[in-house]
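**Student:** Take a look at the following structure, please.
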Amino acid sequence: MQTITARGRKAGIAAGLLAVATLTAATACSGSDRPAHAEGSSTGAASASASARPAETLKPLLQQALPDVKGKTFTSAVVELPPNASAAPHRHGQAFVYAYVLEGTVRSKLDDKPVTTFHRGENWVEQPGTDHVLTENASQTEPARLLVVFVSNTGDKLKVDDPRP
């Protein structure tokens, strides 16, 4: 009988998360408009103004409690940004966030860091407590899509909009 050490258990969890993220990315890239595991929900509020920029849409793919990490949940989702779309400034509480650009070009600003432009195939990480000051589709004509993976405290909201000044 083999004894599993804490280090081995953590490596197994990391390998499992990587496998789920890979499967999620393959699902997201399949072109299906309907998520495999959850109904989509919009994170942007409807705007009465015709001149307002379109908002992003979050489509959950998979949400699973982590069996060996009490109180933590793994969630994957696709964020769709129509042409010229912009998300409200927001944060993800104490979640660790990984974002991967599936399609298009996205501009992002975290905390007081400079604005960074990410193209298809590029990614970034948001540490717990990070303020996401800017998220926008860099194109006026083409959509952008992100695969986003959260490791959050079970029961926490994945996204909380910050009030605009």
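Letters for chains follow the order of the structure tokens (A, B, ...), residue numbers begin at 1 for each chain, and ligand numbers begin at 1 in the order shown.
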Which residues of region 78-112 of chain A come within 12 Å of region 117-120 of chain A, and for each one, what is the closest pair of atoms and their distance in Å to one decimal, counting only C-alpha atoms, sorted by chain and residue number, as a tab-separated table?

**Tutor:**
```
residue	atom	partner	partner_atom	distance
A:Ala99	CA	A:Phe118	CA	10.1
A:Tyr100	CA	A:Arg120	CA	7.9
A:Val101	CA	A:Arg120	CA	4.8
A:Leu102	CA	A:Arg120	CA	5.4
A:Glu103	CA	A:Arg120	CA	5.1
A:Gly104	CA	A:Arg120	CA	5.7
A:Thr105	CA	A:His119	CA	4.5
A:Val106	CA	A:Phe118	CA	5.2
A:Arg107	CA	A:Thr117	CA	4.4
A:Ser108	CA	A:Thr117	CA	6.4
A:Lys109	CA	A:Thr117	CA	8.9
A:Leu110	CA	A:Thr117	CA	11.8
```

**Student:** Using only C-alpha atoms, which residue out of A:Val151, A:Val125, A:Ala55, A:Leu158 lies closest to Gly71 (chain A)?

**Tutor:**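 Closest to Gly71 (chain A), using only C-alpha atoms: A:Val151.
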
**Student:** In Å to one decimal, how far is CA of Glu80 (chain A) from CA of Asn153 (chain A)?

**Tutor:**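 According to the coordinates, CA of Asn153 (chain A) and CA of Glu80 (chain A) are separated by 24.1 Å.
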
**Student:** Could you tell me which of A:Leu61, A:Val69, A:Ala85, A:Leu134 comes closest to Val149 (chain A) if we count only C-alpha atoms?

**Tutor:**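 Counting only C-alpha atoms, the residue closest to Val149 (chain A) is A:Leu61.
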
**Student:** One number please: CA of Ser76 (chain A) to CA of Trp124 (chain A), in Å, one decimal.

**Tutor:** 14.8 Å

**Student:** At a cut-off of 10 Å, using only C-alpha atoms, what residues contact Ser152 (chain A)? Leave out same-chain residues fewer than 6 positions from it and give the result as a list in words.

**Tutor:**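 Listed by chain and then number, they are Ala65, Leu66, Gly71, Lys72, Thr73, Phe74, Thr75, His92, Gly93, Gln94, Ala95, Phe96, Val97, Pro128 and Leu158 of chain A.
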
**Student:** Which value, in Å to one decimal, gives the distance between CA of Asp112 (chain A) and CA of Pro89 (chain A)?

**Tutor:**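 These two atoms are separated by 12.7 Å.
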
**Student:** Using only C-alpha atoms, which of A:Arg91, A:Lys159, A:Lys59, A:Arg145 sits nearest Thr130 (chain A)?

**Tutor:** A:Arg91
